[in-house]
$ cat run-v3.cif   # mmCIF, C-alpha atoms
data_run
#
loop_
_atom_site.label_atom_id
_atom_site.label_comp_id
_atom_site.auth_asym_id
_atom_site.auth_seq_id
_atom_site.Cartn_x
_atom_site.Cartn_y
_atom_site.Cartn_z
CA MET A 6 4.87 3.94 -10.09
CA ALA A 7 3.78 0.35 -10.34
CA ILE A 8 5.68 -2.53 -8.76
CA LYS A 9 5.10 -5.57 -10.94
CA ALA A 10 4.85 -9.12 -9.62
CA HIS A 11 4.73 -11.69 -12.40
CA ILE A 12 3.54 -14.92 -10.81
CA PRO A 13 4.22 -18.04 -12.91
CA ALA A 14 1.72 -20.90 -13.03
CA GLY A 15 1.89 -23.09 -9.93
CA VAL A 16 3.74 -20.49 -7.83
CA THR A 17 2.04 -19.03 -4.76
CA ASP A 18 4.81 -16.94 -3.14
CA ILE A 19 7.05 -14.40 -4.84
CA SER A 20 9.43 -11.59 -3.84
CA VAL A 21 9.83 -8.33 -5.72
CA HIS A 22 12.14 -5.32 -5.44
CA GLY A 23 11.86 -1.71 -6.52
CA LEU A 24 10.17 0.15 -3.66
CA ARG A 25 11.87 2.97 -1.82
CA GLN A 26 10.92 4.10 1.66
CA TRP A 27 8.83 7.32 1.74
CA ASP A 28 7.80 7.05 -1.94
CA TYR A 29 4.06 7.50 -1.56
CA GLY A 30 1.34 6.73 -4.11
CA GLN A 31 2.72 3.38 -5.28
CA THR A 32 0.70 0.52 -6.77
CA LEU A 33 1.19 -3.22 -6.93
CA GLU A 34 0.44 -4.99 -10.20
CA ILE A 35 0.03 -8.76 -9.88
CA HIS A 36 0.27 -10.47 -13.25
CA ASP A 37 -1.53 -13.80 -12.88
CA ASP A 38 -4.20 -15.12 -15.25
CA THR A 39 -5.58 -17.52 -12.62
CA LEU A 40 -7.02 -14.86 -10.29
CA PRO A 41 -10.79 -14.25 -10.38
CA ALA A 42 -12.37 -10.88 -11.19
CA GLU A 43 -12.93 -9.95 -7.52
CA VAL A 44 -10.04 -10.12 -5.06
CA GLU A 45 -8.65 -8.13 -2.16
CA VAL A 46 -5.04 -7.55 -1.28
CA HIS A 47 -4.12 -7.31 2.41
CA PHE A 48 -0.95 -5.29 3.11
CA ALA A 49 1.23 -5.29 6.24
CA HIS A 50 4.83 -5.11 7.37
CA VAL A 51 6.51 -6.51 10.46
CA GLY A 52 5.11 -4.83 13.55
CA MET A 53 1.66 -4.01 12.19
CA ARG A 54 -1.15 -5.53 14.24
CA GLU A 55 -3.69 -5.40 11.40
CA ALA A 56 -3.34 -5.61 7.65
CA VAL A 57 -4.66 -2.81 5.45
CA VAL A 58 -7.29 -4.19 3.05
CA ARG A 59 -7.48 -2.88 -0.50
CA ALA A 60 -10.13 -3.73 -3.08
CA CYS A 61 -8.54 -4.42 -6.45
CA ASN A 62 -9.10 -3.73 -10.10
CA VAL A 63 -8.65 -6.82 -12.25
CA ALA A 64 -8.31 -6.57 -16.03
CA ASP A 65 -6.66 -8.83 -18.59
CA GLY A 66 -4.92 -10.96 -15.97
CA VAL A 67 -3.52 -7.98 -14.04
CA THR A 68 -4.68 -7.26 -10.49
CA THR A 69 -3.91 -3.70 -9.38
CA ALA A 70 -3.97 -2.44 -5.79
CA GLU A 71 -2.77 0.75 -4.11
CA ILE A 72 0.05 0.11 -1.63
CA PRO A 73 -0.89 1.85 1.64
CA ASP A 74 1.35 4.85 2.27
CA ILE A 75 1.67 3.85 5.93
CA CYS A 76 3.51 0.70 4.82
CA LEU A 77 6.02 2.82 2.90
CA GLU A 78 7.05 4.69 6.05
CA GLN A 79 9.00 1.64 7.26
CA SER A 80 12.03 -0.02 5.74
CA THR A 81 10.95 -3.58 6.54
CA PRO A 82 9.49 -5.67 3.72
CA ILE A 83 5.78 -5.34 2.97
CA THR A 84 3.77 -8.52 2.59
CA ALA A 85 0.75 -8.48 0.30
CA TRP A 86 -1.67 -11.38 0.64
CA VAL A 87 -4.04 -11.96 -2.26
CA TYR A 88 -7.38 -12.87 -0.71
CA VAL A 89 -10.10 -14.47 -2.81
CA LYS A 90 -13.63 -14.26 -1.43
CA ASP A 91 -16.33 -16.73 -2.36
CA GLY A 92 -19.67 -15.92 -0.78
CA SER A 93 -19.28 -16.31 2.98
CA SER A 94 -15.72 -17.66 2.92
CA GLY A 95 -12.33 -16.58 1.67
CA GLU A 96 -8.82 -17.84 1.10
CA THR A 97 -5.33 -16.41 0.75
CA THR A 98 -4.11 -17.74 -2.58
CA LYS A 99 -0.90 -15.78 -3.29
CA THR A 100 1.70 -13.89 -1.28
CA VAL A 101 3.92 -11.11 -2.59
CA THR A 102 6.84 -9.89 -0.46
CA MET A 103 8.00 -6.42 -1.46
CA HIS A 104 11.47 -5.37 -0.34
CA ILE A 105 12.05 -1.70 0.46
CA VAL A 106 15.24 0.29 0.05
CA ALA A 107 15.63 2.34 3.25
CA ARG A 108 16.37 6.06 3.19
CA PRO A 109 16.15 8.98 5.62
CA LYS A 110 12.77 10.58 6.19
CA PRO A 111 12.42 13.66 3.97
CA GLN A 112 12.26 17.00 5.73
CA VAL A 113 8.98 18.80 5.30
CA GLY A 114 9.58 21.90 3.17
CA GLU A 115 8.67 25.40 4.33
CA GLY A 116 5.72 25.56 1.90
CA ALA A 117 4.20 22.39 3.37
CA LYS A 118 4.77 23.66 6.93
CA GLN A 119 3.01 26.94 6.10
CA LEU A 120 0.08 25.07 4.50
CA ASN A 121 -0.28 22.89 7.61
CA VAL A 122 -0.34 25.99 9.85
CA GLN A 123 -3.06 27.55 7.66
CA VAL A 124 -5.16 24.38 7.79
CA VAL A 125 -4.80 24.12 11.57
CA ASN A 126 -5.70 27.81 12.02
CA LYS A 127 -8.72 27.47 9.74
CA THR A 128 -9.88 24.34 11.61
CA ALA A 129 -9.46 26.12 14.94
CA THR A 130 -11.51 29.06 13.65
CA TYR A 131 -14.35 26.80 12.53
CA SER A 132 -14.36 24.76 15.71
CA THR A 133 -14.73 27.84 17.95
CA ARG A 134 -17.95 29.05 16.30
CA ASP A 135 -21.29 28.32 17.95
#

$ encode --input "run-v3.cif" --output "structure tokens"
Amino acid sequence: MAIKAHIPAGVTDISVHGLRQWDYGQTLEIHDDTLPAEVEVHFAHVGMREAVVRACNVADGVTTAEIPDICLEQSTPITAWVYVKDGSSGETTKTVTMHIVARPKPQVGEGAKQLNVQVVNKTATYSTRD
């Protein structure tokens, strides 16, 4: 699912809603015709010591970046900084704050538990060979 941030001309900071905690595989679409063809988006939430950097696809005024799954494990807002690089320098030009609806952590189903056990056993088998 894509979270869409439509940034009007002259605006640098915007807030969006629509994310739910634990919903992995989400993307951020930034609709802004002023962004260049090559940008990065840096993602973090309160408590993270380093932002996760994502390279972006830019087409027809829409910048698309994958939201890191690790950010969706918390219920605090995620901040996405749009970072424009120019040779040896760079600049944060836009900021998108994404609010998250909190929910309990999903229980891992029996099928997923069994798969994890098989993977661990297979890894242990391979690591014991000479």

$ residues_around --input "run-v3.cif" --residues "Gly95 in chain A" --least-positions-apart "5" --cutoff "12 Å" --atoms "all atoms listed in the file" --output "ChimeraX atom specification"
/A:43-46,86-90

$ closest_residue --input "run-v3.cif" --among "A:Val113, A:Met53, A:Leu77, A:Val67" --to "Ile12 in chain A" --atoms "only C-alpha atoms"
A:Val67

$ resolve_selection --input "run-v3.cif" --expression "the PyMOL selection byres ((chain A and resi 37-40) around 9)" --output "PDB file with C-alpha atoms, in the coordinates of the input"
ATOM      1  CA  ALA A  10       4.850  -9.120  -9.620  1.00  0.00           C
ATOM      2  CA  HIS A  11       4.730 -11.690 -12.400  1.00  0.00           C
ATOM      3  CA  ILE A  12       3.540 -14.920 -10.810  1.00  0.00           C
ATOM      4  CA  PRO A  13       4.220 -18.040 -12.910  1.00  0.00           C
ATOM      5  CA  ALA A  14       1.720 -20.900 -13.030  1.00  0.00           C
ATOM      6  CA  ILE A  35       0.030  -8.760  -9.880  1.00  0.00           C
ATOM      7  CA  HIS A  36       0.270 -10.470 -13.250  1.00  0.00           C
ATOM      8  CA  PRO A  41     -10.790 -14.250 -10.380  1.00  0.00           C
ATOM      9  CA  ALA A  42     -12.370 -10.880 -11.190  1.00  0.00           C
ATOM     10  CA  GLU A  43     -12.930  -9.950  -7.520  1.00  0.00           C
ATOM     11  CA  VAL A  44     -10.040 -10.120  -5.060  1.00  0.00           C
ATOM     12  CA  VAL A  63      -8.650  -6.820 -12.250  1.00  0.00           C
ATOM     13  CA  ASP A  65      -6.660  -8.830 -18.590  1.00  0.00           C
ATOM     14  CA  GLY A  66      -4.920 -10.960 -15.970  1.00  0.00           C
ATOM     15  CA  VAL A  67      -3.520  -7.980 -14.040  1.00  0.00           C
ATOM     16  CA  THR A  68      -4.680  -7.260 -10.490  1.00  0.00           C
ATOM     17  CA  VAL A  89     -10.100 -14.470  -2.810  1.00  0.00           C
ATOM     18  CA  THR A  98      -4.110 -17.740  -2.580  1.00  0.00           C
TER      19      THR A  98
END

$ closest_residue --input "run-v3.cif" --among "A:Gly92, A:Pro73, A:Gly114, A:Gly23" --to "Met6 in chain A" --atoms "all atoms listed in the file"
A:Gly23

$ residues_around --input "run-v3.cif" --residues "His22 in chain A" --least-positions-apart "2" --cutoff "9 Å" --atoms "only C-alpha atoms" --output "list in words"
Ile8, Lys9, Ser20, Leu24, Thr102, Met103, His104, Ile105 and Val106 of chain A

$ atom_distance --input "run-v3.cif" --atom1 "CA of Val16 in chain A" --atom2 "CA of Val51 in chain A"
23.2 Å

$ residues_near_point --input "run-v3.cif" --point "(-2.1, -2.7, -5.0)" --cutoff "6 Å" --atoms "all atoms listed in the file" --output "list in words"
Thr32, Leu33, Thr69, Ala70, Glu71 and Ile72 of chain A

$ closest_residue --input "run-v3.cif" --among "A:Ala64, A:Cys76, A:Val101, A:Val58" --to "Asp18 in chain A" --atoms "only C-alpha atoms"
A:Val101

$ atom_distance --input "run-v3.cif" --atom1 "CA of Thr84 in chain A" --atom2 "CA of Thr100 in chain A"
6.9 Å

$ atom_distance --input "run-v3.cif" --atom1 "CA of Ile83 in chain A" --atom2 "CA of Pro109 in chain A"
17.9 Å

$ closest_residue --input "run-v3.cif" --among "A:Gln79, A:Ser94, A:Cys61, A:His47" --to "Asp28 in chain A" --atoms "only C-alpha atoms"
A:Gln79

$ closest_residue --input "run-v3.cif" --among "A:Ala49, A:Arg108, A:Glu55, A:Lys99" --to "Ile19 in chain A" --atoms "only C-alpha atoms"
A:Lys99
